Structure formats: C-alpha cells, structure tokens
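S.K.: Enclosed is the structure file protein-v8.cif (mmCIF, C-alpha atoms, pLDDT in the B column; chains and numbers go by the auth columns).
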data_query
#
loop_
_atom_site.group_PDB
_atom_site.id
_atom_site.type_symbol
_atom_site.label_atom_id
_atom_site.label_comp_id
_atom_site.label_asym_id
_atom_site.label_seq_id
_atom_site.Cartn_x
_atom_site.Cartn_y
_atom_site.Cartn_z
_atom_site.B_iso_or_equiv
_atom_site.auth_seq_id
_atom_site.auth_asym_id
ATOM 1 C CA MET A 1 -29.638 -2.627 -17.543 40.00 1 E
ATOM 2 C CA ILE A 2 -26.868 -0.736 -19.297 45.00 2 E
ATOM 3 C CA GLY A 3 -23.615 -2.662 -19.434 51.00 3 E
ATOM 4 C CA LEU A 4 -20.482 -0.785 -18.378 55.00 4 E
ATOM 5 C CA ASP A 5 -17.109 -1.866 -19.685 57.00 5 E
ATOM 6 C CA ILE A 6 -13.885 -0.944 -17.923 54.00 6 E
ATOM 7 C CA PRO A 7 -11.606 0.789 -20.448 55.00 7 E
ATOM 8 C CA ALA A 8 -8.579 -1.382 -21.152 52.00 8 E
ATOM 9 C CA LEU A 9 -6.364 1.656 -20.655 54.00 9 E
ATOM 10 C CA SER A 10 -7.268 1.800 -16.946 73.00 10 E
ATOM 11 C CA ILE A 11 -6.379 -1.829 -16.208 86.00 11 E
ATOM 12 C CA PRO A 12 -2.673 -2.047 -15.359 92.00 12 E
ATOM 13 C CA THR A 13 -0.672 -4.408 -17.552 95.00 13 E
ATOM 14 C CA VAL A 14 2.037 -4.668 -14.891 98.00 14 E
ATOM 15 C CA ALA A 15 1.545 -3.866 -11.208 98.00 15 E
ATOM 16 C CA LEU A 16 3.928 -4.029 -8.257 98.00 16 E
ATOM 17 C CA VAL A 17 2.727 -4.438 -4.682 98.00 17 E
ATOM 18 C CA THR A 18 5.151 -4.263 -1.772 98.00 18 E
ATOM 19 C CA GLY A 19 4.326 -6.241 1.341 95.00 19 E
ATOM 20 C CA ALA A 20 2.289 -8.557 -0.879 96.00 20 E
ATOM 21 C CA ASN A 21 2.913 -11.851 0.865 93.00 21 E
ATOM 22 C CA SER A 22 0.172 -11.242 3.459 90.00 22 E
ATOM 23 C CA GLY A 23 -2.742 -9.052 4.524 91.00 23 E
ATOM 24 C CA ILE A 24 -3.685 -6.005 2.475 92.00 24 E
ATOM 25 C CA GLY A 25 -0.860 -6.519 0.008 95.00 25 E
ATOM 26 C CA GLN A 26 -1.859 -10.100 -0.721 95.00 26 E
ATOM 27 C CA ALA A 27 -5.511 -9.140 -1.166 95.00 27 E
ATOM 28 C CA THR A 28 -4.508 -6.320 -3.522 97.00 28 E
ATOM 29 C CA ALA A 29 -2.290 -8.624 -5.568 97.00 29 E
ATOM 30 C CA ALA A 30 -5.182 -11.068 -5.922 97.00 30 E
ATOM 31 C CA ARG A 31 -7.540 -8.325 -7.118 97.00 31 E
ATOM 32 C CA LEU A 32 -5.016 -7.042 -9.655 98.00 32 E
ATOM 33 C CA ALA A 33 -4.305 -10.515 -11.001 98.00 33 E
ATOM 34 C CA ALA A 34 -8.027 -11.247 -11.325 97.00 34 E
ATOM 35 C CA MET A 35 -8.318 -8.192 -13.605 95.00 35 E
ATOM 36 C CA GLY A 36 -5.584 -9.517 -15.860 96.00 36 E
ATOM 37 C CA SER A 37 -2.527 -7.687 -14.530 97.00 37 E
ATOM 38 C CA ALA A 38 0.881 -9.280 -14.251 98.00 38 E
ATOM 39 C CA VAL A 39 1.720 -8.747 -10.583 98.00 39 E
ATOM 40 C CA VAL A 40 5.111 -8.360 -8.961 98.00 40 E
ATOM 41 C CA VAL A 41 4.688 -9.655 -5.410 98.00 41 E
ATOM 42 C CA GLY A 42 7.166 -7.649 -3.390 98.00 42 E
ATOM 43 C CA TYR A 43 8.327 -9.107 -0.082 97.00 43 E
ATOM 44 C CA ASN A 44 11.076 -8.551 2.454 95.00 44 E
ATOM 45 C CA SER A 45 11.143 -11.968 4.149 90.00 45 E
ATOM 46 C CA ARG A 46 9.296 -15.302 3.966 91.00 46 E
ATOM 47 C CA LYS A 47 10.140 -16.097 0.345 95.00 47 E
ATOM 48 C CA GLU A 48 8.209 -19.357 0.548 95.00 48 E
ATOM 49 C CA ARG A 49 5.091 -17.418 1.467 95.00 49 E
ATOM 50 C CA ALA A 50 5.578 -14.998 -1.430 97.00 50 E
ATOM 51 C CA ASP A 51 6.046 -17.904 -3.838 97.00 51 E
ATOM 52 C CA ALA A 52 2.808 -19.430 -2.552 97.00 52 E
ATOM 53 C CA VAL A 53 0.978 -16.149 -3.124 97.00 53 E
ATOM 54 C CA VAL A 54 2.265 -16.009 -6.709 98.00 54 E
ATOM 55 C CA GLY A 55 1.216 -19.613 -7.265 97.00 55 E
ATOM 56 C CA ALA A 56 -2.330 -18.844 -6.156 97.00 56 E
ATOM 57 C CA LEU A 57 -2.813 -15.788 -8.396 98.00 57 E
ATOM 58 C CA GLN A 58 -5.029 -15.959 -11.454 97.00 58 E
ATOM 59 C CA GLY A 59 -3.443 -15.417 -14.839 97.00 59 E
ATOM 60 C CA LYS A 60 0.222 -15.503 -15.702 95.00 60 E
ATOM 61 C CA GLY A 61 3.380 -13.429 -15.754 97.00 61 E
ATOM 62 C CA HIS A 62 3.556 -12.944 -11.979 98.00 62 E
ATOM 63 C CA LEU A 63 6.819 -12.692 -10.039 98.00 63 E
ATOM 64 C CA ALA A 64 7.870 -12.889 -6.398 98.00 64 E
ATOM 65 C CA LEU A 65 10.623 -10.316 -5.875 98.00 65 E
ATOM 66 C CA ARG A 66 12.469 -9.439 -2.687 97.00 66 E
ATOM 67 C CA ILE A 67 12.368 -5.704 -2.005 98.00 67 E
ATOM 68 C CA ALA A 68 13.661 -4.405 1.316 97.00 68 E
ATOM 69 C CA ILE A 69 12.011 -0.997 1.261 97.00 69 E
ATOM 70 C CA ASP A 70 14.412 0.431 3.843 95.00 70 E
ATOM 71 C CA ASP A 71 17.404 -0.481 1.643 96.00 71 E
ATOM 72 C CA PRO A 72 17.971 1.722 -1.451 95.00 72 E
ATOM 73 C CA ALA A 73 20.260 -0.905 -2.991 97.00 73 E
ATOM 74 C CA SER A 74 17.537 -3.548 -2.750 97.00 74 E
ATOM 75 C CA ILE A 75 15.001 -1.177 -4.313 98.00 75 E
ATOM 76 C CA GLY A 76 17.390 -0.275 -7.126 98.00 76 E
ATOM 77 C CA ALA A 77 18.059 -3.939 -7.879 98.00 77 E
ATOM 78 C CA ALA A 78 14.320 -4.642 -7.950 98.00 78 E
ATOM 79 C CA ALA A 79 13.688 -1.775 -10.374 98.00 79 E
ATOM 80 C CA LYS A 80 16.324 -3.238 -12.691 98.00 80 E
ATOM 81 C CA VAL A 81 14.657 -6.666 -12.602 98.00 81 E
ATOM 82 C CA VAL A 82 11.216 -5.205 -13.374 98.00 82 E
ATOM 83 C CA ALA A 83 12.653 -3.120 -16.224 98.00 83 E
ATOM 84 C CA GLU A 84 14.414 -6.123 -17.775 98.00 84 E
ATOM 85 C CA ARG A 85 11.468 -8.493 -17.422 98.00 85 E
ATOM 86 C CA TYR A 86 8.505 -6.241 -18.183 98.00 86 E
ATOM 87 C CA GLY A 87 9.874 -2.998 -19.600 97.00 87 E
ATOM 88 C CA ARG A 88 7.141 -0.981 -17.901 97.00 88 E
ATOM 89 C CA LEU A 89 5.118 -0.500 -14.717 98.00 89 E
ATOM 90 C CA ASP A 90 1.517 0.711 -14.685 98.00 90 E
ATOM 91 C CA ALA A 91 0.661 0.609 -10.985 98.00 91 E
ATOM 92 C CA LEU A 92 2.749 0.791 -7.829 98.00 92 E
ATOM 93 C CA VAL A 93 1.093 -0.047 -4.516 98.00 93 E
ATOM 94 C CA ASN A 94 3.247 0.851 -1.515 98.00 94 E
ATOM 95 C CA CYS A 95 1.837 -1.546 1.051 95.00 95 E
ATOM 96 C CA GLY A 96 4.970 -2.703 2.817 93.00 96 E
ATOM 97 C CA GLY A 97 5.463 -1.392 6.334 90.00 97 E
ATOM 98 C CA ALA A 98 6.106 -2.276 9.966 90.00 98 E
ATOM 99 C CA THR A 99 5.331 -0.972 13.412 90.00 99 E
ATOM 100 C CA THR A 100 6.534 -1.411 16.971 93.00 100 E
ATOM 101 C CA PRO A 101 3.690 -0.748 19.422 91.00 101 E
ATOM 102 C CA VAL A 102 4.604 1.812 22.079 96.00 102 E
ATOM 103 C CA PRO A 103 2.045 3.435 24.434 95.00 103 E
ATOM 104 C CA ALA A 104 1.552 7.062 23.397 95.00 104 E
ATOM 105 C CA GLN A 105 2.081 8.405 26.901 96.00 105 E
ATOM 106 C CA ASP A 106 5.416 6.594 27.345 97.00 106 E
ATOM 107 C CA LEU A 107 7.713 9.000 25.510 97.00 107 E
ATOM 108 C CA ASN A 108 10.844 7.430 26.967 97.00 108 E
ATOM 109 C CA LYS A 109 9.960 4.000 25.609 97.00 109 E
ATOM 110 C CA LEU A 110 9.750 5.442 22.097 97.00 110 E
ATOM 111 C CA THR A 111 13.497 5.377 21.552 98.00 111 E
ATOM 112 C CA ASP A 112 15.371 7.076 18.729 98.00 112 E
ATOM 113 C CA ASP A 113 16.073 3.665 17.201 98.00 113 E
ATOM 114 C CA ILE A 114 12.380 2.723 17.142 97.00 114 E
ATOM 115 C CA PHE A 115 11.417 6.141 15.788 97.00 115 E
ATOM 116 C CA ASP A 116 14.060 6.103 13.045 98.00 116 E
ATOM 117 C CA ARG A 117 13.237 2.528 12.032 97.00 117 E
ATOM 118 C CA THR A 118 9.517 3.306 11.866 97.00 118 E
ATOM 119 C CA VAL A 119 10.031 6.357 9.681 97.00 119 E
ATOM 120 C CA ALA A 120 12.574 4.592 7.453 97.00 120 E
ATOM 121 C CA VAL A 121 10.188 1.762 6.645 97.00 121 E
ATOM 122 C CA ASN A 122 6.849 3.562 6.554 96.00 122 E
ATOM 123 C CA LEU A 123 7.763 6.945 5.050 98.00 123 E
ATOM 124 C CA ARG A 124 11.207 6.921 3.475 98.00 124 E
ATOM 125 C CA GLY A 125 10.549 3.480 2.001 98.00 125 E
ATOM 126 C CA PRO A 126 7.507 4.466 -0.092 98.00 126 E
ATOM 127 C CA PHE A 127 9.328 7.577 -1.312 98.00 127 E
ATOM 128 C CA ALA A 128 12.362 5.526 -2.311 98.00 128 E
ATOM 129 C CA MET A 129 10.077 3.162 -4.237 98.00 129 E
ATOM 130 C CA VAL A 130 8.512 6.063 -6.132 98.00 130 E
ATOM 131 C CA ARG A 131 11.909 7.551 -6.883 98.00 131 E
ATOM 132 C CA ALA A 132 13.270 4.268 -8.258 98.00 132 E
ATOM 133 C CA PHE A 133 10.214 3.228 -10.267 98.00 133 E
ATOM 134 C CA ARG A 134 9.203 6.623 -11.642 98.00 134 E
ATOM 135 C CA PRO A 135 10.936 6.070 -15.010 98.00 135 E
ATOM 136 C CA LEU A 136 9.047 2.803 -15.553 98.00 136 E
ATOM 137 C CA LEU A 137 5.735 4.344 -14.505 98.00 137 E
ATOM 138 C CA GLU A 138 6.231 7.196 -16.948 97.00 138 E
ATOM 139 C CA ARG A 139 6.779 4.893 -19.930 95.00 139 E
ATOM 140 C CA GLY A 140 3.064 4.277 -20.365 85.00 140 E
ATOM 141 C CA SER A 141 -0.030 6.381 -19.824 87.00 141 E
ATOM 142 C CA GLY A 142 -2.507 6.470 -16.967 92.00 142 E
ATOM 143 C CA ALA A 143 -0.114 5.041 -14.366 97.00 143 E
ATOM 144 C CA ALA A 144 -1.051 5.213 -10.694 98.00 144 E
ATOM 145 C CA ILE A 145 0.678 5.037 -7.329 98.00 145 E
ATOM 146 C CA VAL A 146 -1.298 4.063 -4.243 98.00 146 E
ATOM 147 C CA ASN A 147 0.303 4.506 -0.826 98.00 147 E
ATOM 148 C CA ILE A 148 -1.258 2.571 2.039 96.00 148 E
ATOM 149 C CA SER A 149 -1.534 5.072 4.843 95.00 149 E
ATOM 150 C CA SER A 150 -3.499 4.860 8.110 92.00 150 E
ATOM 151 C CA ILE A 151 -6.356 6.721 9.713 87.00 151 E
ATOM 152 C CA ALA A 152 -3.896 7.149 12.611 86.00 152 E
ATOM 153 C CA ALA A 153 -2.418 10.001 10.583 90.00 153 E
ATOM 154 C CA ARG A 154 -5.715 11.851 11.000 90.00 154 E
ATOM 155 C CA THR A 155 -6.849 10.793 14.476 87.00 155 E
ATOM 156 C CA GLY A 156 -3.486 10.928 16.264 89.00 156 E
ATOM 157 C CA LEU A 157 -4.192 7.481 17.706 82.00 157 E
ATOM 158 C CA GLY A 158 -2.095 4.538 16.586 85.00 158 E
ATOM 159 C CA SER A 159 0.357 1.820 17.499 88.00 159 E
ATOM 160 C CA SER A 160 2.974 4.470 18.283 93.00 160 E
ATOM 161 C CA LEU A 161 3.550 8.189 17.885 97.00 161 E
ATOM 162 C CA ALA A 162 6.279 7.416 15.383 96.00 162 E
ATOM 163 C CA TYR A 163 3.915 5.317 13.259 94.00 163 E
ATOM 164 C CA LEU A 164 1.143 7.888 13.105 95.00 164 E
ATOM 165 C CA ALA A 165 3.686 10.621 12.330 96.00 165 E
ATOM 166 C CA ALA A 166 5.162 8.518 9.514 97.00 166 E
ATOM 167 C CA LYS A 167 1.723 7.877 8.043 96.00 167 E
ATOM 168 C CA ALA A 168 0.857 11.572 8.244 97.00 168 E
ATOM 169 C CA GLY A 169 4.035 12.101 6.262 97.00 169 E
ATOM 170 C CA VAL A 170 2.849 9.575 3.687 98.00 170 E
ATOM 171 C CA ASP A 171 -0.392 11.516 3.188 97.00 171 E
ATOM 172 C CA ALA A 172 1.516 14.794 2.804 98.00 172 E
ATOM 173 C CA LEU A 173 3.917 13.111 0.404 98.00 173 E
ATOM 174 C CA THR A 174 0.986 11.792 -1.633 98.00 174 E
ATOM 175 C CA ILE A 175 -0.346 15.305 -2.148 98.00 175 E
ATOM 176 C CA ALA A 176 3.075 16.685 -3.053 98.00 176 E
ATOM 177 C CA LEU A 177 3.905 13.838 -5.438 98.00 177 E
ATOM 178 C CA ALA A 178 0.544 14.215 -7.164 98.00 178 E
ATOM 179 C CA LYS A 179 1.697 17.687 -8.210 98.00 179 E
ATOM 180 C CA VAL A 180 5.239 16.645 -9.089 98.00 180 E
ATOM 181 C CA LEU A 181 4.318 13.551 -11.125 98.00 181 E
ATOM 182 C CA ALA A 182 1.316 14.963 -12.990 97.00 182 E
ATOM 183 C CA PRO A 183 0.091 14.532 -15.630 96.00 183 E
ATOM 184 C CA LYS A 184 1.633 11.117 -16.311 96.00 184 E
ATOM 185 C CA ILE A 185 1.131 9.537 -12.884 98.00 185 E
ATOM 186 C CA ARG A 186 -1.815 9.779 -10.480 98.00 186 E
ATOM 187 C CA VAL A 187 -1.043 9.416 -6.758 98.00 187 E
ATOM 188 C CA PHE A 188 -3.361 8.341 -3.930 98.00 188 E
ATOM 189 C CA SER A 189 -3.335 7.407 -0.266 97.00 189 E
ATOM 190 C CA VAL A 190 -5.703 4.728 0.983 97.00 190 E
ATOM 191 C CA SER A 191 -6.146 5.195 4.713 92.00 191 E
ATOM 192 C CA PRO A 192 -7.515 2.196 6.637 90.00 192 E
ATOM 193 C CA ALA A 193 -8.134 1.633 10.331 79.00 193 E
ATOM 194 C CA GLY A 194 -8.247 -1.528 12.373 70.00 194 E
ATOM 195 C CA VAL A 195 -7.782 -4.019 9.551 65.00 195 E
ATOM 196 C CA ASP A 196 -8.098 -7.692 10.460 61.00 196 E
ATOM 197 C CA THR A 197 -4.468 -8.670 9.904 58.00 197 E
ATOM 198 C CA ASP A 198 -1.485 -9.553 12.076 61.00 198 E
ATOM 199 C CA PHE A 199 0.251 -6.271 11.218 60.00 199 E
ATOM 200 C CA VAL A 200 0.147 -4.863 14.765 60.00 200 E
ATOM 201 C CA PRO A 201 1.855 -7.337 17.122 62.00 201 E
ATOM 202 C CA GLY A 202 -0.402 -8.417 19.970 65.00 202 E
ATOM 203 C CA ARG A 203 -3.610 -6.944 18.540 63.00 203 E
ATOM 204 C CA THR A 204 -6.509 -9.406 18.626 67.00 204 E
ATOM 205 C CA LEU A 205 -9.675 -9.741 16.552 66.00 205 E
ATOM 206 C CA GLU A 206 -11.671 -9.288 19.763 72.00 206 E
ATOM 207 C CA GLN A 207 -10.055 -5.885 20.283 69.00 207 E
ATOM 208 C CA LEU A 208 -10.882 -4.905 16.711 63.00 208 E
ATOM 209 C CA GLN A 209 -14.482 -6.008 17.145 69.00 209 E
ATOM 210 C CA LYS A 210 -14.903 -3.946 20.311 69.00 210 E
ATOM 211 C CA THR A 211 -13.611 -0.877 18.489 70.00 211 E
ATOM 212 C CA ALA A 212 -15.804 -1.606 15.480 61.00 212 E
ATOM 213 C CA GLU A 213 -18.933 -1.614 17.641 69.00 213 E
ATOM 214 C CA ARG A 214 -18.434 2.117 18.240 73.00 214 E
ATOM 215 C CA LEU A 215 -17.971 3.015 14.574 68.00 215 E
ATOM 216 C CA PRO A 216 -20.749 4.232 12.241 72.00 216 E
ATOM 217 C CA LEU A 217 -20.583 1.103 10.054 66.00 217 E
ATOM 218 C CA ALA A 218 -19.922 -1.256 12.995 63.00 218 E
ATOM 219 C CA HIS A 219 -17.713 -3.517 10.907 74.00 219 E
ATOM 220 C CA VAL A 220 -14.140 -4.772 11.157 73.00 220 E
ATOM 221 C CA THR A 221 -12.309 -3.786 7.976 81.00 221 E
ATOM 222 C CA THR A 222 -10.953 -6.738 6.013 87.00 222 E
ATOM 223 C CA PRO A 223 -7.855 -6.771 3.800 90.00 223 E
ATOM 224 C CA ASP A 224 -10.121 -7.119 0.763 92.00 224 E
ATOM 225 C CA ASP A 225 -12.075 -4.011 1.795 91.00 225 E
ATOM 226 C CA VAL A 226 -8.832 -2.068 1.501 94.00 226 E
ATOM 227 C CA ALA A 227 -7.798 -3.865 -1.676 96.00 227 E
ATOM 228 C CA ARG A 228 -11.049 -2.866 -3.386 95.00 228 E
ATOM 229 C CA ALA A 229 -10.369 0.763 -2.515 96.00 229 E
ATOM 230 C CA VAL A 230 -6.886 0.458 -4.010 97.00 230 E
ATOM 231 C CA ILE A 231 -8.348 -0.959 -7.220 97.00 231 E
ATOM 232 C CA ALA A 232 -10.895 1.861 -7.331 97.00 232 E
ATOM 233 C CA CYS A 233 -8.077 4.413 -7.232 97.00 233 E
ATOM 234 C CA ILE A 234 -6.128 2.699 -9.985 97.00 234 E
ATOM 235 C CA VAL A 235 -8.998 1.772 -12.292 96.00 235 E
ATOM 236 C CA ASN A 236 -11.949 4.052 -11.593 95.00 236 E
ATOM 237 C CA LEU A 237 -10.620 7.373 -10.273 96.00 237 E
ATOM 238 C CA THR A 238 -9.054 8.356 -13.559 95.00 238 E
ATOM 239 C CA SER A 239 -9.795 12.062 -13.062 95.00 239 E
ATOM 240 C CA SER A 240 -8.512 12.220 -9.481 97.00 240 E
ATOM 241 C CA THR A 241 -5.088 12.569 -7.915 98.00 241 E
ATOM 242 C CA GLY A 242 -3.582 13.726 -4.640 98.00 242 E
ATOM 243 C CA ILE A 243 -6.461 12.506 -2.469 97.00 243 E
ATOM 244 C CA VAL A 244 -6.635 10.470 0.737 96.00 244 E
ATOM 245 C CA VAL A 245 -9.333 7.788 0.699 95.00 245 E
ATOM 246 C CA PRO A 246 -10.456 6.605 4.166 91.00 246 E
ATOM 247 C CA VAL A 247 -11.389 2.922 4.486 89.00 247 E
ATOM 248 C CA ASP A 248 -12.217 3.036 8.163 78.00 248 E
ATOM 249 C CA GLU A 249 -15.933 2.242 8.701 70.00 249 E
ATOM 250 C CA GLY A 250 -16.506 5.953 9.331 67.00 250 E
ATOM 251 C CA ARG A 251 -13.961 6.267 12.137 67.00 251 E
ATOM 252 C CA HIS A 252 -12.706 9.602 10.788 76.00 252 E
ATOM 253 C CA LEU A 253 -16.168 11.057 11.517 67.00 253 E
#
Could you write out this structure as structure tokens?

M.R.:
Amino acid sequence: MIGLDIPALSIPTVALVTGANSGIGQATAARLAAMGSAVVVGYNSRKERADAVVGALQGKGHLALRIAIDDPASIGAAAKVVAERYGRLDALVNCGGATTPVPAQDLNKLTDDIFDRTVAVNLRGPFAMVRAFRPLLERGSGAAIVNISSIAARTGLGSSLAYLAAKAGVDALTIALAKVLAPKIRVFSVSPAGVDTDFVPGRTLEQLQKTAERLPLAHVTTPDDVARAVIACIVNLTSSTGIVVPVDEGRHL
C-alpha cells in the first residue's frame, strides 16, 4: 500500500471555531486539535462548558474565547486577542448560530424581531467574522473559511422561513467571498441536515430517525460526520473554493 502524507502546509497552525462549546463546533474543534492545530474555542455563553471543551482537546495552545457573533464589538475584541496571542489565523469555521422554530405556514408568528434576530446571528454574524479576521487569515498561505450552512437553504424546509433564508444567504455569501478573497483564502459552505444535536429546540432523536428512514443513506447525521467534512474542506480540497458541500445522507436528491 502506498503511504499518503498530508502536506504540513494544509494543516492549520491556528484555527478558530465559533459555537465550539457543543455539537458540530465541538466535534470540529476536536478534529482540528487532533491534527495538531491550536484551536480557539469560540462561545457566546456557558463559559464553563467552553473551558471543559478546551481541557479535553489534544495538544496545546488552545483558548476559550467569548465571541458574540451578533455583536461587532465582541468580534473586534476577539480578533485583537487572537492577533496578540497567535499573530495569525489559518482556518475560520463559522459554526455559531441559533434558530427559533416557527411553522412555515404561520407567517404572522414569524415576527420582525424573530426574523431580524435569525438573520443577524446566522448570516450577518458569519460575514462580520470574515470581515474582522480577514487580515489574520491573509498573513499566511492556504487559509480556509468554512461556513456551516443547512440543507434547508436548498430544500426550503427548515425550522423557520427566516432560518432557511439566512442559510441560503450564507451559501450565496460563500460563493461571493470565494471570488473576493482569492487567491489567499479558500471559502466553503458545509450544508448538513438533521444533525443529532440540541440545536433545534424541541426536536427529538426519534423525529430525526423517522426522517432518516426516508433518506438514501438512511442514517442520522452526527456532529462528527459534519466535522469530517469541514476538515476535508480545510485540508484536502486545496484546489477548490466557492462550493457548497452537502452532508445530508442524500436528502438533497
């Protein structure tokens, strides 16, 4: 068997993951740390949980850092901390987000406040992160940004109309940023569906399993399934940018 070595250039020295104190973000942080990256575990609340995630990561140089992605001042302060501590950033994973479930047919229940909050966190937030951390990403070579999107952007079915619209915006933003930030920074969307996390309030594993039975791969997506796709974008897809990678058990089919 021919041995294949991962080029050192493709392994991020420093990576930042928002929403990294649980679910997909935590799984991604663990994968990055296992490769040898120093990981900034971004969180908005539950500092104790973020500290526990950092403590469980392999390697050294990790940091729990509060980043409220809907607050430009918080993002700016975080960028300053990363610059002072590490002097660079090789991978940015925009995993932080939130949703308020609202039935699609109930347009009146989807208030302006819910809509604005959903877009601020899930669309404006990732853009603000890219804007603030671009200078650090451009200091090295081969940097990558991965935005966690949702298959809801493609199917038009999701926790709310505002959420699926915001995630569609993330995918469009990914394509546009891939052009703007080339050639120094590659940009991807990873688009999961029905991940076994507590992200959607009130959604149960039983509900996910019933949906999974109708999918081509008949499997409930795990946080690590998504994390492995994120790592593939950062490490392996070195000649790709501006693409949306479904991690949805074939749901998009």

S.K.: Could you state the separation of atom CA of E:Ala104 and atom CA of E:Gly169 in Å, given to one decimal place?

M.R.: 18.0 Å

S.K.: From the list E:Leu92, E:Ala128, E:Ala29, E:Ala56, which residue is nearest E:Ser74 when using all atoms listed in the file?

M.R.: E:Ala128

S.K.: If the PyMOL selection byres ((chain E and resi 75-79) around 12) were run on this exact file, what residues would it hold? Put them as JSON, numbers by chain.

M.R.: {"E": [16, 18, 40, 41, 42, 43, 44, 63, 64, 65, 66, 67, 68, 69, 70, 71, 72, 73, 74, 80, 81, 82, 83, 84, 85, 86, 87, 88, 89, 92, 124, 125, 126, 127, 128, 129, 130, 131, 132, 133, 134, 135, 136, 137]}

S.K.: Include C-alpha atoms and write out the residues we just selected as a short mmCIF file (atom, residue, chain, number, x, y, z; two decimals), keeping the file's coordinate frame.

M.R.:
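Contents of result_18.cif, freshly written:
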data_model
loop_
_atom_site.label_atom_id
_atom_site.label_comp_id
_atom_site.auth_asym_id
_atom_site.auth_seq_id
_atom_site.Cartn_x
_atom_site.Cartn_y
_atom_site.Cartn_z
CA LEU E 16 3.93 -4.03 -8.26
CA THR E 18 5.15 -4.26 -1.77
CA VAL E 40 5.11 -8.36 -8.96
CA VAL E 41 4.69 -9.65 -5.41
CA GLY E 42 7.17 -7.65 -3.39
CA TYR E 43 8.33 -9.11 -0.08
CA ASN E 44 11.08 -8.55 2.45
CA LEU E 63 6.82 -12.69 -10.04
CA ALA E 64 7.87 -12.89 -6.40
CA LEU E 65 10.62 -10.32 -5.88
CA ARG E 66 12.47 -9.44 -2.69
CA ILE E 67 12.37 -5.70 -2.00
CA ALA E 68 13.66 -4.40 1.32
CA ILE E 69 12.01 -1.00 1.26
CA ASP E 70 14.41 0.43 3.84
CA ASP E 71 17.40 -0.48 1.64
CA PRO E 72 17.97 1.72 -1.45
CA ALA E 73 20.26 -0.90 -2.99
CA SER E 74 17.54 -3.55 -2.75
CA LYS E 80 16.32 -3.24 -12.69
CA VAL E 81 14.66 -6.67 -12.60
CA VAL E 82 11.22 -5.20 -13.37
CA ALA E 83 12.65 -3.12 -16.22
CA GLU E 84 14.41 -6.12 -17.77
CA ARG E 85 11.47 -8.49 -17.42
CA TYR E 86 8.51 -6.24 -18.18
CA GLY E 87 9.87 -3.00 -19.60
CA ARG E 88 7.14 -0.98 -17.90
CA LEU E 89 5.12 -0.50 -14.72
CA LEU E 92 2.75 0.79 -7.83
CA ARG E 124 11.21 6.92 3.48
CA GLY E 125 10.55 3.48 2.00
CA PRO E 126 7.51 4.47 -0.09
CA PHE E 127 9.33 7.58 -1.31
CA ALA E 128 12.36 5.53 -2.31
CA MET E 129 10.08 3.16 -4.24
CA VAL E 130 8.51 6.06 -6.13
CA ARG E 131 11.91 7.55 -6.88
CA ALA E 132 13.27 4.27 -8.26
CA PHE E 133 10.21 3.23 -10.27
CA ARG E 134 9.20 6.62 -11.64
CA PRO E 135 10.94 6.07 -15.01
CA LEU E 136 9.05 2.80 -15.55
CA LEU E 137 5.74 4.34 -14.50
#

S.K.: For stretch 218-233 of chain E, please output as a PyMOL selection string all residues within 9 Å (counting only C-alpha atoms; exclusion window: fewer than 4 positions along the same chain).

M.R.: chain E and resi 23-32+93+144-148+186-197+205+208-209+211-214+237-238+240-241+245-250

S.K.: Would you mind listing what lies within 7 Å of stretch 108-121 of chain E as a list in words, with only C-alpha atoms counted and same-chain residues fewer than 4 positions away left out?

M.R.: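 Once the adjacent positions are removed, what remains is Ile69, Asp70, Gly97, Ala98, Thr99, Val102, Gly125, Ala162, Tyr163 and Ala166 of chain E.
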
S.K.: Go ahead and compute the interatomic distance for atom CA of E:Glu138 and atom CA of E:Asp51, in Å to one decimal.

M.R.: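 Atom CA of E:Glu138 sits 28.3 Å away from atom CA of E:Asp51.
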
S.K.: Please report the interatomic distance between atom CA of E:Ile151 and atom CA of E:Lys167 in Å with one decimal.

M.R.: 8.3 Å

S.K.: Nearest residue to E:Arg139 out of E:Ile185, E:Leu123, E:Leu157, E:Val170, using all atoms listed in the file?

M.R.: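 Comparing E:Ile185, E:Leu123, E:Leu157, E:Val170 against E:Arg139, the winner is E:Ile185.
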
S.K.: With all atoms listed in the file as the basis for distance, which of E:Val54, E:Ala20, E:Ala152, E:Val244 is at the shortest distance from E:Cys95?

M.R.: E:Ala20

S.K.: Can you translate the PyMOL selection byres ((chain E and resi 61) around 9) into the concrete residues it hits in this file, as a PyMOL selection string?

M.R.: chain E and resi 14+37-40+59-60+62-63

S.K.: Between E:Ala91, E:Gly55, E:His252, E:Arg46, which residue has the minimum interatomic distance to E:Gly156, considering all atoms listed in the file?

M.R.: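 Smallest distance to E:Gly156 is found for E:His252.
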
S.K.: Using all atoms listed in the file, can you tell me which of E:Gly19, E:Ala33, E:Asn94, E:Ala168 comes closest to E:Thr155?

M.R.: E:Ala168
